[in-house]
Amino acid sequence: MEDLKGVKIGYAICGSFCTFRRTIDEMKALSKMGAELFPIMSDNAYSLDTRFGKAADFVEEIEALCGRRVIHTIPDAEPIGPQKLLDVLVISPCTGNTLAKLASGVTDTAVALAAKAHLRNARPLVIGVSTNDALAAASKNIGLLMNCKNIYFIPMSQDDPVKKPNSMVVHFDKTPEAIRCALDKRQVQPLVF
């Protein structure tokens, strides 16, 4: 299926390391749909080795998949706006830290600056929440962002309501539908499962 053929998608990844495999699988699915992917990573996502894998291995796999180098510095992210590089920017997984930066207008990371640069062109930003405090401290930032023009969310749900009652994670398989809706200036529904 190539229903996203030729769509230029910035795909930004933040440090929700436990979701990296699902993130990369979703990037592969978008590529198979014909999308042109521009990878972006936060500094932590780009550089930290964790129990979920080595950063260099993830970077190598993502660059091979996308056919281009990962944007991971502020100077490399800045041209996204003036060059009108992207049709849509996806941040998935988007951590509570990045949600707070976006809601507060802080642009001190490659991902946050990519979002600011992209939004200046009135083009859609699609967020896939993955944070242990989505229903606690991060909830106010999610609410603020839901009320912002050109910002949309991928459906999400609690990932472990018993052991982590405030945690929510993106439904990665809903990413293509969320992108299509955002390109039509609509929020995909239902948003929370």
# chains A, B, ... in the order shown; residues from 1 in each chain; ligands from 1
call {"tool": "select_by_dssp", "arguments": {"residues": "stretch 32-139 of chain A", "states": "strand (DSSP E)", "output": "list in words"}}
result
Glu36, Leu37, Phe38, Pro39, Ile40, Met41, Val88, Leu89, Val90, Ile91, Ser92, Pro93, Cys94, Leu125, Val126, Ile127, Gly128, Val129, Ser130 and Thr131 of chain A
call {"tool": "closest_atom_pairs", "arguments": {"of": "stretch 113-180 of chain A", "to": "stretch 69-84 of chain A", "cutoff": "9 Å", "atoms": "only C-alpha atoms", "output": "tab-separated table"}}
result
residue	atom	partner	partner_atom	distance
A:Leu113	CA	A:Ala77	CA	6.3
A:Ala114	CA	A:Ala77	CA	5.1
A:Ala115	CA	A:Ile80	CA	8.8
A:Lys116	CA	A:Gly81	CA	7.8
A:Ala117	CA	A:Gly81	CA	4.1
A:His118	CA	A:Gly81	CA	4.9
A:Leu119	CA	A:Gly81	CA	7.6
A:Arg120	CA	A:Gly81	CA	6.5
A:Asn121	CA	A:Gly81	CA	6.6
call {"tool": "select_by_dssp", "arguments": {"residues": "stretch 98-170 of chain A", "states": "helix (DSSP H, G or I)", "output": "list in words"}}
result
Thr98, Leu99, Ala100, Lys101, Leu102, Ala103, Ser104, Ala110, Val111, Ala112, Leu113, Ala114, Ala115, Lys116, Ala117, His118, Leu119, Ser139, Lys140, Asn141, Ile142, Gly143, Leu144, Leu145 and Met146 of chain A
call {"tool": "closest_atom_pairs", "arguments": {"of": "stretch 34-110 of chain A", "to": "stretch 149-162 of chain A", "cutoff": "10 Å", "atoms": "only C-alpha atoms", "output": "JSON lines"}}
result
{"residue": "A:Val88", "atom": "CA", "partner": "A:Asn150", "partner_atom": "CA", "distance": 9.9}
{"residue": "A:Leu89", "atom": "CA", "partner": "A:Ile151", "partner_atom": "CA", "distance": 9.7}
{"residue": "A:Val90", "atom": "CA", "partner": "A:Phe153", "partner_atom": "CA", "distance": 9.2}
{"residue": "A:Ile91", "atom": "CA", "partner": "A:Phe153", "partner_atom": "CA", "distance": 9.5}
{"residue": "A:Ser92", "atom": "CA", "partner": "A:Ile154", "partner_atom": "CA", "distance": 8.7}
call {"tool": "residues_around", "arguments": {"residues": "A:Pro165", "least_positions_apart": "6", "cutoff": "10 Å", "atoms": "only C-alpha atoms", "output": "list in words"}}
result
Asn132, Asp133, Ala134, Leu135, Ala136, Gln158 and Asp159 of chain A
call {"tool": "write_last_selection", "arguments": {"atoms": "C-alpha atoms", "output": "compact mmCIF listing (two decimals), in the first residue's frame"}}
result
# COMPACT_ATOMS: atom_id res chain seq x y z
CA ASN A 132 4.97 7.42 32.76
CA ASP A 133 3.32 10.65 33.95
CA ALA A 134 0.81 11.31 31.15
CA LEU A 135 -2.06 11.26 33.64
CA ALA A 136 -0.11 13.21 36.27
CA GLN A 158 -2.66 3.27 29.55
CA ASP A 159 0.04 0.66 29.10
call {"tool": "closest_residue", "arguments": {"among": "A:Ala12, A:Cys148, A:Cys94, A:Ala138", "to": "A:Val170", "atoms": "only C-alpha atoms"}}
result
A:Cys94
